Amino acid sequence: MSANPPHPDNTLEKTLRYRWLIFAILSGGYILVYFHRLAPAVVAVDMMHDLKADGTLLGLLGSAYFYPYAMMQLPAGLLADSWGPRRTITLFSLIASFGALILGLAQTVTIAIIGRSLVGLGVAMLFVPTMKVLIEWFTPREFARMTGILLAMGGVGSLIATSPLALLTEWLGWRSAFLIVASLTLVLAVLVWIIVRDRPADFSWQGPAESVYRRLTAADLAAGVRIILANRYFWPLAAWFFFHLSIFFAFGGLWGGPFLQEVYGFDRTTSGQILSMLAVGLIIGAPLQSWLSERLDRRRKPVLILSSLMTVGMTALLAFATANLSLLALHLLCLLLGVFAAASVVIGFAATKELFEVRIAGTAIGLINLFPFAGGAILQPLLGSILQRSGRTADGFTLAGYQNAFTLLFIIALIALLSSLLIKETRNRYPGQN
């Protein structure tokens with residue numbers, strides 16, 4: 001495929017039009033990232049029966065996405081800078097498509113885990129390279145707004161992974177659903193290769209802002225990592241990311257669906273409708289928390305503490321009123337988990353970025369992004385093991401099992417709250433700024 005654009009145009013006006021096509025394609029990719037991340041929650045019971053998996057194995061299958069995703073966060077920035085975002089996203093989207101194909105065709109848990117791991121490896125390489133593309137095609141003033149829109153697209157992907165996926169599964173089965181997503185991911189890879197460019201200069205076009213492109217080396221990355229890990233204020237944030245976000249990944253990404261079906265007796269469609277409130281909360285929560293931070297004179301710490309407090313309350317309901325929640329309460333619980341246990345990541349990233357100098361802020365975000373996915377990778381199978389050890393009935397896991405599992409979520413939420421109290425207030429300033 002040719003790398004040359006049709007009808008080359010060196011004017012800024014051409015750049016300002018074309019960048020929206022690039023953003024639309026990359027946003028579509030981010031929708032698929034979140035879909036892949038949260039889809040198992042709705043189809044978990046079907047997968048468990050079809051693959052003859054127990055709770056521990058299903059937890060391992062769900063978490064197989066998170067291990068490679070976490071490990072690739074640091075290499076993502078280096079590979080995008082050394083090889084280019086366009087090439088990186090294209091190659092790894094092909095890997096994700098192949099992984100989804102394997103998952104849809106898998107006849108054993110082992111093969112399904114391999115497929116899910118390839119999905120996690122592939123989609124791990126979209127967010128950071130996309131950030132680099134946005135930096136080149138949009139001005140600094142526009143960048144924050146475009147990042148917010150991109151995160152909202154992730155919420156759309158979460159929404160599609162609930163009720164729409166449940167309906168599609170009812171119609172075609174969970175295997176066909178993943179085969180369709182594999183095809184869409186393949187289409188994404190082709191579109192990225194044909195249309196997306198790393199920077200306007202690749203077309204010999206004028207950019208909307210001065211280019212900040214610079215090829216990083218492994219030495220640059222290693223030096224930045226050493227500075228970040230030596231900063232004592234980094235670690236409370238890392239702990240907060242690890243514990244706080246893992247709650248959302250564990251409940252919204254896997255065990256929320258079986259809980260609603262096995263404890264409350266809801267069918268897949270109704271469970272999907274309830275879980276869709278997680279996505280709604282994510283979509284509205286990011287701008288809401290950003291607005292709240294601005295209203296508090298751009299302070300980050302109070303917003304993170306509030307999010308942690310609210311998450312403690314939600315997990316307390318799950319742990320101590322497990323089978324006594326009304327339909328409305330379940331909807332509200334999922335909505336608030338989306339707002340406070342998921343969307344607060346926007347403020348967490350802002351606090352991380354502002355804790356370090358501009359030159360290593362990107363490395364800091366990549367490094368901190370290891371922790372929530374490591375937390376999800378550990379917590380999903382851990383909850384599955386707790387459920388499995390608590391026994392099973394003809395309808396699935398026991399009420400006592402879910403109570404034990406959600407009590408662990410409550411304890412984790414308390415640890416996240418403690419971590420938030422130790423976070424340093426950055427107030428939208430980099431070190432050295434007044």
# chains A, B, ... in the order shown; residues from 1 in each chain; ligands from 1
>>> residues_around(residues="A:Leu167", least_positions_apart="6", cutoff="9 Å", atoms="only C-alpha atoms", output="PyMOL selection string")
chain A and resi 268-269+272
>>> closest_atom_pairs(of="stretch 333-374 of chain A", to="stretch 233-244 of chain A", cutoff="8 Å", atoms="only C-alpha atoms", output="CSV")
residue,atom,partner,partner_atom,distance
A:Ala341,CA,A:His244,CA,6.4
A:Val345,CA,A:Phe241,CA,7.8
A:Gly348,CA,A:Leu237,CA,7.4
A:Thr352,CA,A:Leu237,CA,7.3
A:Leu355,CA,A:Phe234,CA,7.8
A:Ile368,CA,A:Ala238,CA,5.9
A:Asn369,CA,A:Phe241,CA,7.8
A:Phe371,CA,A:Phe242,CA,4.6
A:Pro372,CA,A:Phe242,CA,4.4
A:Phe373,CA,A:Phe242,CA,7.4
A:Ala374,CA,A:Phe242,CA,6.8
>>> closest_residue(among="A:Asn324, A:Ser27, A:Thr311, A:Asn404", to="A:Leu337", atoms="only C-alpha atoms")
A:Thr311
>>> closest_residue(among="A:Val190, A:Val43, A:Lys52, A:Ala96", to="A:Arg175", atoms="only C-alpha atoms")
A:Val43
>>> atom_distance(atom1="atom CA of A:Val109", atom2="atom CA of A:Gly122")
19.8 Å
>>> atom_distance(atom1="atom CA of A:Leu38", atom2="atom CA of A:Trp255")
10.3 Å
>>> residues_around(residues="stretch 377-382 of chain A", least_positions_apart="6", cutoff="9 Å", atoms="only C-alpha atoms", output="compact mmCIF listing (two decimals) with C-alpha atoms, in the first residue's frame")
# COMPACT_ATOMS: atom_id res chain seq x y z
CA GLY A 55 -13.85 -20.28 38.86
CA THR A 56 -10.06 -20.17 39.12
CA LEU A 57 -9.56 -21.01 35.44
CA LEU A 58 -12.17 -18.49 34.35
CA GLY A 59 -10.44 -15.86 36.47
CA LEU A 60 -7.15 -16.73 34.81
CA LEU A 61 -8.79 -16.47 31.39
CA GLY A 62 -10.18 -13.04 32.20
CA SER A 63 -6.87 -11.81 33.62
CA ALA A 64 -4.87 -13.13 30.64
CA TYR A 65 -5.66 -9.81 28.92
CA PHE A 66 -4.08 -7.78 31.72
CA TYR A 67 -0.66 -9.43 32.09
CA ALA A 70 0.69 -4.25 31.81
CA SER A 246 -8.39 -3.32 40.05
CA ILE A 247 -11.84 -3.20 41.71
CA PHE A 249 -11.55 -4.50 36.38
CA ALA A 250 -12.48 -7.38 38.68
CA PHE A 251 -16.19 -6.57 38.98
CA GLY A 253 -14.48 -6.90 33.61
CA LEU A 254 -15.45 -10.39 34.76
CA TRP A 255 -17.34 -11.24 37.97
CA ALA A 405 -15.07 -12.27 47.33
CA LEU A 409 -12.97 -5.89 47.34
>>> atom_distance(atom1="atom CA of A:Ser97", atom2="atom CA of A:Phe178")
9.6 Å
>>> closest_residue(among="A:Ala319, A:Ile365, A:Val280, A:Ala351", to="A:Leu336", atoms="only C-alpha atoms")
A:Val280
>>> residues_around(residues="A:Gln261", least_positions_apart="2", cutoff="10 Å", atoms="only C-alpha atoms", output="compact mmCIF listing (two decimals) with N, CA and C atoms, in the first residue's frame")
# COMPACT_ATOMS: atom_id res chain seq x y z
N VAL A 42 -20.07 -10.25 30.59
CA VAL A 42 -21.40 -10.61 30.11
C VAL A 42 -21.46 -12.07 29.69
N VAL A 45 -20.46 -16.71 32.15
CA VAL A 45 -21.16 -17.95 32.49
C VAL A 45 -21.18 -18.89 31.29
N GLY A 256 -18.88 -9.37 37.67
CA GLY A 256 -20.18 -8.71 37.82
C GLY A 256 -21.29 -9.47 37.12
N GLY A 257 -21.01 -10.00 35.92
CA GLY A 257 -22.02 -10.74 35.17
C GLY A 257 -22.46 -12.02 35.87
N PRO A 258 -21.52 -12.91 36.24
CA PRO A 258 -21.92 -14.11 36.98
C PRO A 258 -22.64 -13.78 38.29
N PHE A 259 -22.22 -12.75 39.01
CA PHE A 259 -22.87 -12.35 40.24
C PHE A 259 -24.34 -12.03 40.01
N VAL A 263 -26.69 -14.87 41.65
CA VAL A 263 -27.25 -14.46 42.94
C VAL A 263 -28.66 -13.91 42.76
N TYR A 264 -28.87 -13.11 41.73
CA TYR A 264 -30.18 -12.48 41.52
C TYR A 264 -31.03 -13.20 40.49
N GLY A 265 -30.46 -14.12 39.74
CA GLY A 265 -31.23 -14.88 38.79
C GLY A 265 -31.59 -14.13 37.52
N PHE A 266 -30.90 -13.03 37.23
CA PHE A 266 -31.18 -12.29 36.00
C PHE A 266 -30.67 -13.05 34.78
N ASP A 267 -31.31 -12.85 33.66
CA ASP A 267 -30.79 -13.45 32.43
C ASP A 267 -29.64 -12.60 31.90
N ARG A 268 -29.00 -13.07 30.82
CA ARG A 268 -27.84 -12.39 30.29
C ARG A 268 -28.17 -10.96 29.84
N THR A 269 -29.32 -10.77 29.23
CA THR A 269 -29.70 -9.46 28.73
C THR A 269 -29.90 -8.46 29.86
N THR A 270 -30.63 -8.87 30.90
CA THR A 270 -30.85 -7.97 32.04
C THR A 270 -29.54 -7.66 32.74
N SER A 271 -28.69 -8.66 32.91
CA SER A 271 -27.38 -8.43 33.51
C SER A 271 -26.58 -7.44 32.69
N GLY A 272 -26.65 -7.57 31.37
CA GLY A 272 -25.95 -6.64 30.50
C GLY A 272 -26.46 -5.22 30.64
N ASP A 395 -26.86 -23.89 40.44
CA ASP A 395 -27.01 -22.64 39.71
C ASP A 395 -25.71 -21.87 39.55
N GLY A 396 -24.63 -22.35 40.15
CA GLY A 396 -23.35 -21.65 40.03
C GLY A 396 -22.68 -21.51 41.38
>>> closest_atom_pairs(of="stretch 86-129 of chain A", to="stretch 191-199 of chain A", cutoff="8 Å", atoms="only C-alpha atoms", output="CSV")
residue,atom,partner,partner_atom,distance
A:Arg86,CA,A:Asp198,CA,6.0
A:Arg87,CA,A:Trp193,CA,7.1
A:Ile89,CA,A:Val192,CA,7.3
A:Thr90,CA,A:Trp193,CA,5.9
